[in-house]
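**Q** Take this structure first; my questions come after.
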Amino acid sequence: MIAEVYIDIPANPVNKPFDYRVPEPYRDLLEPGMRVTVPFGRTRRLGFVTALKESSEFTRLKSIDAIEDHLPVLTTELLELGRWLADTTVCATVAAYQAMLPAVLKADYKKVVKVEDPKQLKKQHPNLAGLFESKGQLLWAELVKNDVNLLTSINHALRKGSLSIHQLVRNQATAKHVAVVSASVSAERMKLEYSQLSDRAKRQKEALYYFIHRSDSATFHPTMQALTNEGLSRDAILKLAEKELLRIDQVEQFRNPYKRAIEHTEPLKLTDEQANALAPILQSMDKNEHRVFLCHGVTGSGKTEIYLQSIQHVLERKQQAIVLVPEISLTPQMVVRFKGRFGDHVAVMHSGLSRGEKYDEWRKIREEKVQVVVGARSAIFAPFNNLGLIIIDEEHESSYKQEDMPRYHARDIAIHRAQDHQCPVVLGSATPSLESFARARKQVYTLLSLKQRVNHRPLPSVHIVDLREEMRQGNHSVFSKELLEKIKDRLQKKEQTVLFLNRRGYATFVMCRSCGTVVECPHCDISLTYHRAQHLLKCHYCGYEQAVSDTCPTCGSDAMRFFGTGTQKVEAELSRLIPEARVIRMDVDTTRKKGSHERLLRQFGEEKADILLGTQMIAKGLDFPKVTLVGVLAADSLLHLADFRASEKTFQLVTQVAGRAGRHDLPGEVVIQSYSPDHYAVLDAARHDYESFYNQEMALRRLGSYPPFYYLVLICLTHPEPAKVAEAAERIALILKKHLSDSSQIYGPVVPAVAKIKDRYRYQCMVKYKREPALLPVLHRIMQHFQEGGKNGLQVSIDLNPVALM
DNA sequence: AGCACGCCGACT
DNA sequence: GTCGGCGTGCTC
């Protein structure tokens with residue numbers, strides 16, 4: 001028997017299956033989808049078995065070393081999905097497989113140096129022999145870490161045979177075990193032994209006594225942890241186990257990230273609108289029919305309840321469901337809603353979990369211990385075998401697009417899997433992506449509309465403030481008069497305010513007023529942002545930091561001034577203008593630590609603050625009854641980005657943020673500050689008019705030949721030398737022009753808005769096309785040709801259907 | 001990704 | 001003459 005194995009090196013030259021002989025004892029065990037360790041070249045690597053066969057065109061086959069799994073980690077469906085994913089996103093097949101699995105299933109490679117001939121080593125390299133001391137082997141990394149100059153003597157010793165190198169492939173997947181203690185003899189016997197124990201064995205007697213006097217001693221098996229918590233001695237228990245009076249078992253345990261008890265909830269009574277939306281979804285499930293529904297519902301229209309009740313139906317049909325939620329709205333609030341309804345049937349997957357916790361949640365899915373998974377983007381690969389429904393909440397969210405290889409969009413994966421399983425997909429959003437809404441209009445998707453909020457609360461009233469007018473009246477503050485007054489008013493009424501600004505840091509750039517020099521990052525083509533807390537200038541692209549100087553590096557004048565406003569500056573302004581206000585600031589800088597995101601939100605929920613000030617991350621999923629005012633400080637910060645989606649993003653963001661106000665009994669109010677108050681994205685968001693926005697934006701997209709009228713491909717090249725990228729970009733553009741049809745438009749090469757990142761110069765080519773059969777073959781060929789380069793050479797990335805043109 | 005093979009500059 | 005730089009090519 002022969003196995004086809006994909007080696008876990010996501011590079012082009014090894015992106016193909018390698019044949020290996022399967023040793024006799026493995027023949028009944030090995031299945032496609034399992035991981036194996038194999039000899040590869042002169043090292044050992046982990047690989048994925050994709051197929052089994054009887055013959056190979058290669059004669060000198062090596063054998064598989066070991067099987068790493070009992071159960072295939074990739075199901076037949078996922079193996080196939082991975083191939084499709086690699087093809088359609090132009091990446092290595094293993095890269096696709098790795099993206100579908102939890103990180104712990106990746107191998108941990110360790111190089112080990114072994115002493116073969118201690119005497120010779122001591123004679124020829126006493127310094128090396130000293131390092132090894134009495135140990136027979138050392139980790140390569142440890143050995144080299146001490147002294148790089150050792151390399152020469154190590155090489156010499158290797159050649160002389162006094163040292164040898166071995167490759168260790170360690171499986172990182174470890175289940176958590178707990179020690180469980182139980183009685184291994186009868187109570188009578190324990191009593192007897194007890195009486196025979198010497199009085200000096202006080203701790204042992206104590207422990208034994210504890211077990212004897214349990215009426216349920218036969219079925220009593222507490223964890224070691226629990227017993228030591230009771231004050232019993234661990235050593236005494238071990239001694240008793242040695243005497244075979246007690247036994248200790250290592251029991252595999254799922255880590256439980258959600259320890260607190262969650263109250264069970266019952267299905268809510270649906271409004272007519274909700275019931276009308278739910279019915280076709282259930283119908284489609286019952287007919288085992290693949291259909292995509294676009295659930296377009298205003299914020300607060302009760303989409304989640306529709307999700308919950310359709311999942312209920314999935315469970316009744318003994319099927320499984322995947323629910324995708326954007327990472328930032330995967331809050332405890334959200335988890336509680338699903339766990340409350342479905343309890344232990346739910347696994348949760350998000351970035352806040354440790355690697356071990358993620359692995360456990362994944363195993364619950366793989367071993368069919370749960371039927372529902374709620375998770376961020378990668379949960380779309382949940383290894384369910386009988387999917388009945390896939391839900392993507394906030395389907396317009398750009399975080400569903402993975403930004404590194406494989407550059408997939410979870411929505412595309414969802415539709416592909418749902419076709420395999422003949423089940424429906426539900427896309428939900430208050431502000432659908434133009435792509436999805438256009439498909440709904442063309443009846444490719446089925447549109448479900450929810451126009452009313454469940455509790456019949458009116459949508460918040462929205463005021464647009466013209467910041468140009470404020471400027472004219474001499475107000476240079478980040479707050480308009482109107483907004484400031486409203487914040488003060490809420491403070492007095494003990495109500496809460498949410499303020500949104502899409503820029504972190506203090507000032508977005510530092511400029512010399514005398515010569516106009518803007519301080520830029522030495523490694524990137526971008527201005528540095530001033531962070532006041534540490535009094536540093538930081539690059540938001542590469543993380544570079546430098547001290548703030550008082551004088552201009554170019555002209556030496558002391559006219560350096562801060563421009564632009566970030567969240568830190570707003571925070572400072574607030575404490576100056578309204579010193580009594582308690583402010584919580586939420587941005588990448590204040591939520592970097594694990595759990596701080598949740599902690600800040602909880603504090604705000606407990607009304608320990610009056611104002612929540614934040615970036616993107618506060619735009620979604622927040623639901624606090626006391627919030628009656630939402631302020632969007634600069635609604636056009638995104639609008640002027642050179643991106644065809646700028647208006648769409650602005651519209652979505654403003655709508656989402658506005659939706660945070662007045663979700664409960666108290667009426668909500670929204671103030672939008674903008675330098676372009678007449679822009680349709682701002683106006684339509686203020687009027688809660690999606691269709692009007694859609695129509696205007698579609699007209700512009702048609703004019704610019706942008707999605708959803710055309711598909712895009714973005715090819716981005718980087719290299720430390722500008723001339724090298726330019727040349728490669730030129731050649732790629734030529735290849736595209738030569739091989740693609742006339743109906744496709746090829747743009748570039750051009751230098752993108754940020755011309756250099758992390759000391760690498762960038763160039764881009766773009767293709768717009770409607771139907772282009774030659775596209776994927778050409779892109780694969782480009783990848784093959786240009787991506788063979790080494791570490792510092794040319795890097796090529798291909799992004800099909802990019803979400804941003806950065 | 002590693003690692004060897006292979007062809008040109010500064011050293012014992 | 002050799003050590004060693006990193007450009008190219010292969011791993012079932």
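In the structure tokens, chains take letters A, B, ... by order of appearance, with residues numbered from 1 within each chain and ligands from 1 in the order shown.
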DSSP on the backbone: which residues in range 201-310 of chain A end up as strand (DSSP E or B)? Give the answer as a ChimeraX atom specification.

**A** /A:223,246-253,292-297

**Q** Step one, run DSSP on the backbone; step two, keep only residues of range 448-693 of chain A assigned to alpha helix (DSSP H); then write them as an MDAnalysis selection string.

**A** chainID A and resid 467:472 481:493 567:577 596:605 646:658 680:686 690:693

**Q** Counting only C-alpha atoms (C1' of nucleotides), which residue out of A:Gly82, A:Gly566, A:Gly793, A:Pro707 sits closest to chain C?

**A** A:Gly793

**Q** Using only C-alpha atoms (C1' of nucleotides), find each residue of chain C with at least one atom at most 9 Å away from an atom of chain A; report its shortest atom-to-atom pair and that distance in Å (one decimal), sort the rows by chain and rising residue number, and return the result as a Markdown table.

**A**
```
| residue | atom | partner | partner_atom | distance |
| --- | --- | --- | --- | --- |
| C:DC10 | C1' | A:Gly41 | CA | 8.4 |
| C:DT11 | C1' | A:Gly41 | CA | 4.5 |
| C:DC12 | C1' | A:Phe18 | CA | 4.5 |
```

**Q** For chain A, which residues have at least one atom within 12 Å of chain B, if we go by only C-alpha atoms (C1' of nucleotides)? Write them as a list in words, please.

**A**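 Every residue meeting the condition is included here: Ile7, Asp8, Ile9, Pro10, Ala11, Asn12, Pro13, Val14, Asn15, Phe40, Gly41, Arg42, Thr43, Arg44, Arg45, Tyr109, Lys111, Gln167, Glu788, Gly790 and Lys791 of chain A.
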
**Q** I'd like the neighbourhood of range 398-414 of chain A as a list in words, where a residue qualifies if any of its atoms comes within 8 Å (using only C-alpha atoms (C1' of nucleotides)), though same-chain residues fewer than 4 positions away should be ignored.

**A** Leu85, Ala86, Thr89, Val90, Cys91, Ala95, Ala96, Ala99, Pro326, Glu327, Ala376, Arg377, Ser378, Ile380, Ile390, Ile392, Ala418, Val425, Asp799, Leu800 and Val803 of chain A

**Q** Would you output that residue set with N, CA, C and O atoms, as a PDB file, in the first residue's frame?

**A**
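Output saved as out-v7.pdb:
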```
ATOM      1  N   LEU A  85      -9.811  25.184  -2.234  1.00  0.00           N
ATOM      2  CA  LEU A  85      -9.359  26.431  -1.617  1.00  0.00           C
ATOM      3  C   LEU A  85      -7.981  26.835  -2.143  1.00  0.00           C
ATOM      4  O   LEU A  85      -7.742  27.993  -2.477  1.00  0.00           O
ATOM      5  N   ALA A  86      -7.067  25.855  -2.227  1.00  0.00           N
ATOM      6  CA  ALA A  86      -5.724  26.135  -2.719  1.00  0.00           C
ATOM      7  C   ALA A  86      -5.783  26.589  -4.169  1.00  0.00           C
ATOM      8  O   ALA A  86      -5.067  27.501  -4.580  1.00  0.00           O
ATOM      9  N   THR A  89      -7.638  30.234  -4.344  1.00  0.00           N
ATOM     10  CA  THR A  89      -6.963  31.370  -3.722  1.00  0.00           C
ATOM     11  C   THR A  89      -5.485  31.420  -4.112  1.00  0.00           C
ATOM     12  O   THR A  89      -4.751  32.281  -3.639  1.00  0.00           O
ATOM     13  N   VAL A  90      -5.061  30.496  -4.962  1.00  0.00           N
ATOM     14  CA  VAL A  90      -3.680  30.428  -5.436  1.00  0.00           C
ATOM     15  C   VAL A  90      -2.688  30.323  -4.276  1.00  0.00           C
ATOM     16  O   VAL A  90      -1.898  31.229  -4.016  1.00  0.00           O
ATOM     17  N   CYS A  91      -2.798  29.223  -3.532  1.00  0.00           N
ATOM     18  CA  CYS A  91      -1.831  29.002  -2.467  1.00  0.00           C
ATOM     19  C   CYS A  91      -1.467  27.518  -2.429  1.00  0.00           C
ATOM     20  O   CYS A  91      -2.059  26.711  -3.140  1.00  0.00           O
ATOM     21  N   ALA A  95      -1.018  24.744   2.917  1.00  0.00           N
ATOM     22  CA  ALA A  95      -1.387  25.998   3.583  1.00  0.00           C
ATOM     23  C   ALA A  95      -2.892  26.007   3.832  1.00  0.00           C
ATOM     24  O   ALA A  95      -3.365  26.448   4.876  1.00  0.00           O
ATOM     25  N   ALA A  96      -3.639  25.479   2.861  1.00  0.00           N
ATOM     26  CA  ALA A  96      -5.089  25.389   3.016  1.00  0.00           C
ATOM     27  C   ALA A  96      -5.438  24.421   4.145  1.00  0.00           C
ATOM     28  O   ALA A  96      -6.281  24.721   4.989  1.00  0.00           O
ATOM     29  N   ALA A  99      -4.768  25.907   7.489  1.00  0.00           N
ATOM     30  CA  ALA A  99      -5.735  26.944   7.872  1.00  0.00           C
ATOM     31  C   ALA A  99      -7.021  26.335   8.417  1.00  0.00           C
ATOM     32  O   ALA A  99      -7.768  26.980   9.141  1.00  0.00           O
ATOM     33  N   PRO A 326     -18.374  37.998  13.699  1.00  0.00           N
ATOM     34  CA  PRO A 326     -17.079  38.672  13.618  1.00  0.00           C
ATOM     35  C   PRO A 326     -16.364  38.582  14.963  1.00  0.00           C
ATOM     36  O   PRO A 326     -17.023  38.645  16.007  1.00  0.00           O
ATOM     37  N   GLU A 327     -15.063  38.442  14.907  1.00  0.00           N
ATOM     38  CA  GLU A 327     -14.259  38.289  16.130  1.00  0.00           C
ATOM     39  C   GLU A 327     -14.643  39.292  17.210  1.00  0.00           C
ATOM     40  O   GLU A 327     -14.856  38.921  18.355  1.00  0.00           O
ATOM     41  N   ALA A 376     -15.436  32.625  15.167  1.00  0.00           N
ATOM     42  CA  ALA A 376     -14.972  33.607  14.200  1.00  0.00           C
ATOM     43  C   ALA A 376     -14.629  32.885  12.898  1.00  0.00           C
ATOM     44  O   ALA A 376     -14.839  31.683  12.772  1.00  0.00           O
ATOM     45  N   ARG A 377     -14.085  33.630  11.966  1.00  0.00           N
ATOM     46  CA  ARG A 377     -13.825  33.162  10.597  1.00  0.00           C
ATOM     47  C   ARG A 377     -13.445  31.692  10.422  1.00  0.00           C
ATOM     48  O   ARG A 377     -14.084  30.952   9.676  1.00  0.00           O
ATOM     49  N   SER A 378     -12.426  31.238  11.138  1.00  0.00           N
ATOM     50  CA  SER A 378     -11.902  29.900  10.846  1.00  0.00           C
ATOM     51  C   SER A 378     -12.848  28.788  11.288  1.00  0.00           C
ATOM     52  O   SER A 378     -12.651  27.633  10.915  1.00  0.00           O
ATOM     53  N   ILE A 380     -15.502  28.242  10.169  1.00  0.00           N
ATOM     54  CA  ILE A 380     -16.212  27.774   8.972  1.00  0.00           C
ATOM     55  C   ILE A 380     -15.687  26.392   8.562  1.00  0.00           C
ATOM     56  O   ILE A 380     -16.342  25.652   7.838  1.00  0.00           O
ATOM     57  N   ILE A 390     -25.653  26.861   7.849  1.00  0.00           N
ATOM     58  CA  ILE A 390     -24.526  27.752   8.150  1.00  0.00           C
ATOM     59  C   ILE A 390     -25.056  29.169   8.239  1.00  0.00           C
ATOM     60  O   ILE A 390     -25.770  29.626   7.341  1.00  0.00           O
ATOM     61  N   ILE A 392     -24.008  33.225   8.800  1.00  0.00           N
ATOM     62  CA  ILE A 392     -22.947  34.226   8.901  1.00  0.00           C
ATOM     63  C   ILE A 392     -23.580  35.538   9.328  1.00  0.00           C
ATOM     64  O   ILE A 392     -24.306  36.178   8.556  1.00  0.00           O
ATOM     65  N   ALA A 418     -21.982  24.350   2.015  1.00  0.00           N
ATOM     66  CA  ALA A 418     -23.435  24.154   2.034  1.00  0.00           C
ATOM     67  C   ALA A 418     -23.905  23.429   0.775  1.00  0.00           C
ATOM     68  O   ALA A 418     -24.863  22.660   0.804  1.00  0.00           O
ATOM     69  N   VAL A 425     -27.675  28.449   3.666  1.00  0.00           N
ATOM     70  CA  VAL A 425     -26.779  29.411   4.297  1.00  0.00           C
ATOM     71  C   VAL A 425     -27.617  30.646   4.608  1.00  0.00           C
ATOM     72  O   VAL A 425     -28.404  31.072   3.768  1.00  0.00           O
ATOM     73  N   ASP A 799      -4.259  38.243  -4.408  1.00  0.00           N
ATOM     74  CA  ASP A 799      -5.490  38.346  -3.631  1.00  0.00           C
ATOM     75  C   ASP A 799      -6.689  38.407  -4.579  1.00  0.00           C
ATOM     76  O   ASP A 799      -6.901  39.411  -5.242  1.00  0.00           O
ATOM     77  N   LEU A 800      -7.437  37.314  -4.629  1.00  0.00           N
ATOM     78  CA  LEU A 800      -8.653  37.317  -5.444  1.00  0.00           C
ATOM     79  C   LEU A 800      -9.787  37.905  -4.621  1.00  0.00           C
ATOM     80  O   LEU A 800      -9.949  37.560  -3.454  1.00  0.00           O
ATOM     81  N   VAL A 803     -10.645  42.713  -0.203  1.00  0.00           N
ATOM     82  CA  VAL A 803     -11.606  43.590   0.462  1.00  0.00           C
ATOM     83  C   VAL A 803     -11.110  45.023   0.499  1.00  0.00           C
ATOM     84  O   VAL A 803     -11.879  45.954   0.599  1.00  0.00           O
TER      85      VAL A 803
END
```

**Q** Looking at only C-alpha atoms, which of A:Asn695, A:Thr265, A:Ser674, A:Ser797 is the one that sits closest to Val336 in chain A?

**A**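 Among the listed residues, the smallest separation from Val336 in chain A belongs to A:Thr265.
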
**Q** Please identify all polymer residues within 9 Å of Ser164 in chain A, counting only C-alpha atoms (C1' of nucleotides), omitting same-chain residues fewer than 4 positions from it, and present them as a list in words.

**A** Val112, Val113, Lys114, Val115, Glu116, Ala157, Leu158 and Arg159 of chain A

**Q** Please produce a file of those selected residues containing N, CA, C and O atoms, as a JSON list (two decimals), in the first residue's frame.

**A**
```
[["chain", "number", "residue", "atom", "x", "y", "z"],
["A", 112, "VAL", "N", 17.96, 17.93, 17.23],
["A", 112, "VAL", "CA", 18.70, 17.45, 18.39],
["A", 112, "VAL", "C", 20.10, 17.03, 17.97],
["A", 112, "VAL", "O", 20.27, 16.36, 16.95],
["A", 113, "VAL", "N", 21.09, 17.43, 18.74],
["A", 113, "VAL", "CA", 22.48, 17.01, 18.48],
["A", 113, "VAL", "C", 22.85, 15.93, 19.49],
["A", 113, "VAL", "O", 22.72, 16.14, 20.70],
["A", 114, "LYS", "N", 23.29, 14.78, 19.00],
["A", 114, "LYS", "CA", 23.58, 13.64, 19.86],
["A", 114, "LYS", "C", 25.09, 13.37, 19.87],
["A", 114, "LYS", "O", 25.76, 13.51, 18.86],
["A", 115, "VAL", "N", 25.60, 12.98, 21.02],
["A", 115, "VAL", "CA", 27.01, 12.59, 21.12],
["A", 115, "VAL", "C", 27.13, 11.13, 20.70],
["A", 115, "VAL", "O", 26.47, 10.26, 21.26],
["A", 116, "GLU", "N", 27.96, 10.88, 19.70],
["A", 116, "GLU", "CA", 28.13, 9.51, 19.23],
["A", 116, "GLU", "C", 29.41, 8.89, 19.81],
["A", 116, "GLU", "O", 29.45, 7.71, 20.12],
["A", 157, "ALA", "N", 32.93, 18.20, 14.13],
["A", 157, "ALA", "CA", 32.59, 17.02, 14.92],
["A", 157, "ALA", "C", 31.57, 16.14, 14.19],
["A", 157, "ALA", "O", 31.62, 14.92, 14.25],
["A", 158, "LEU", "N", 30.65, 16.81, 13.48],
["A", 158, "LEU", "CA", 29.64, 16.06, 12.72],
["A", 158, "LEU", "C", 30.32, 15.24, 11.63],
["A", 158, "LEU", "O", 29.99, 14.08, 11.41],
["A", 159, "ARG", "N", 31.28, 15.89, 10.97],
["A", 159, "ARG", "CA", 31.94, 15.21, 9.86],
["A", 159, "ARG", "C", 32.79, 14.04, 10.36],
["A", 159, "ARG", "O", 32.91, 13.03, 9.71]]
```

**Q** Name all residues at most 12 Å from Lys569 in chain A (count only C-alpha atoms (C1' of nucleotides); drop same-chain ones fewer than 3 positions away) and give them as a list of chain:residue names.

**A**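 With the cut-off at 12 Å, the set is A:Ser477, A:Val478, A:Phe479, A:Leu501, A:Arg503, A:Arg504, A:Gly505, A:Tyr506, A:Ala507, A:Thr508, A:Thr529, A:Tyr530, A:His531, A:Arg532, A:Ala533, A:Phe562, A:Phe563, A:Gly564, A:Thr565, A:Gly566, A:Ala572, A:Glu573, A:Leu574, A:Ser575, A:Arg576, A:Arg585, A:Leu613, A:Gly614.
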
**Q** What is the distance between CA of Leu717 in chain A and CA of Ile782 in chain A, in Å to one decimal?

**A**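 Taking CA of Leu717 in chain A as the start and CA of Ile782 in chain A as the end point, the length is 11.5 Å.
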
**Q** Pro424 in chain A: which residues within 7 Å, counting only C-alpha atoms (C1' of nucleotides), same-chain residues fewer than 4 positions away excluded, as a PyMOL selection string?

**A** chain A and resi 284-285+289-292+389-390+418

**Q** What does the file look like for those residues with all heavy atoms, as a compact mmCIF listing (two decimals), in the first residue's frame?

**A**
```txt
# COMPACT_ATOMS: atom_id res chain seq x y z
N SER A 284 -36.42 25.12 3.53
CA SER A 284 -35.27 24.75 2.73
C SER A 284 -34.50 23.60 3.38
O SER A 284 -34.03 22.69 2.71
CB SER A 284 -34.39 26.00 2.56
OG SER A 284 -33.12 25.67 2.17
N MET A 285 -34.40 23.64 4.72
CA MET A 285 -33.75 22.55 5.44
C MET A 285 -34.52 21.24 5.23
O MET A 285 -33.93 20.20 4.96
CB MET A 285 -33.74 22.85 6.94
CG MET A 285 -32.48 23.50 7.40
SD MET A 285 -32.45 23.53 9.20
CE MET A 285 -32.87 25.21 9.49
N GLU A 289 -32.32 21.33 0.69
CA GLU A 289 -32.08 22.13 -0.50
C GLU A 289 -31.04 23.20 -0.18
O GLU A 289 -31.11 23.86 0.87
CB GLU A 289 -33.43 22.77 -0.87
CG GLU A 289 -33.39 23.89 -1.83
CD GLU A 289 -34.72 24.61 -1.84
OE1 GLU A 289 -35.10 25.17 -0.79
OE2 GLU A 289 -35.40 24.61 -2.88
N HIS A 290 -30.05 23.34 -1.05
CA HIS A 290 -29.07 24.39 -0.83
C HIS A 290 -29.61 25.72 -1.35
O HIS A 290 -29.91 25.87 -2.52
CB HIS A 290 -27.75 24.09 -1.54
CG HIS A 290 -26.85 25.27 -1.58
ND1 HIS A 290 -26.33 25.83 -0.44
CD2 HIS A 290 -26.43 26.04 -2.61
CE1 HIS A 290 -25.61 26.89 -0.79
NE2 HIS A 290 -25.66 27.03 -2.09
N ARG A 291 -29.70 26.68 -0.43
CA ARG A 291 -30.14 28.01 -0.84
C ARG A 291 -29.40 29.00 0.03
O ARG A 291 -29.03 28.70 1.16
CB ARG A 291 -31.64 28.15 -0.56
CG ARG A 291 -32.46 28.28 -1.84
CD ARG A 291 -33.90 28.09 -1.51
NE ARG A 291 -34.60 29.34 -1.53
CZ ARG A 291 -35.89 29.47 -1.23
NH1 ARG A 291 -36.59 28.41 -0.86
NH2 ARG A 291 -36.48 30.62 -1.28
N VAL A 292 -29.17 30.21 -0.50
CA VAL A 292 -28.54 31.25 0.30
C VAL A 292 -29.59 32.32 0.60
O VAL A 292 -30.22 32.85 -0.31
CB VAL A 292 -27.34 31.88 -0.43
CG1 VAL A 292 -26.68 32.94 0.46
CG2 VAL A 292 -26.32 30.81 -0.80
N LEU A 389 -27.04 23.65 8.49
CA LEU A 389 -27.22 25.10 8.36
C LEU A 389 -25.91 25.82 8.64
O LEU A 389 -25.16 25.44 9.53
CB LEU A 389 -28.28 25.57 9.37
CG LEU A 389 -28.58 27.06 9.46
CD1 LEU A 389 -29.24 27.55 8.17
CD2 LEU A 389 -29.48 27.36 10.65
N ILE A 390 -25.65 26.86 7.85
CA ILE A 390 -24.53 27.75 8.15
C ILE A 390 -25.06 29.17 8.24
O ILE A 390 -25.77 29.63 7.34
CB ILE A 390 -23.42 27.67 7.08
CG1 ILE A 390 -22.89 26.24 6.97
CG2 ILE A 390 -22.28 28.63 7.42
CD1 ILE A 390 -21.87 26.05 5.85
N ALA A 418 -21.98 24.35 2.02
CA ALA A 418 -23.44 24.15 2.03
C ALA A 418 -23.91 23.43 0.77
O ALA A 418 -24.86 22.66 0.80
CB ALA A 418 -24.15 25.50 2.18
```

**Q** Measure the distance from CA of Ser705 in chain A to CA of Gln745 in chain A in Å and round it to one decimal.

**A**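 About the pair CA of Ser705 in chain A and CA of Gln745 in chain A: they are 9.4 Å apart.
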
**Q** Work out how far CA of Glu395 in chain A is from CA of Glu361 in chain A, in Å to one decimal.

**A** 23.6 Å
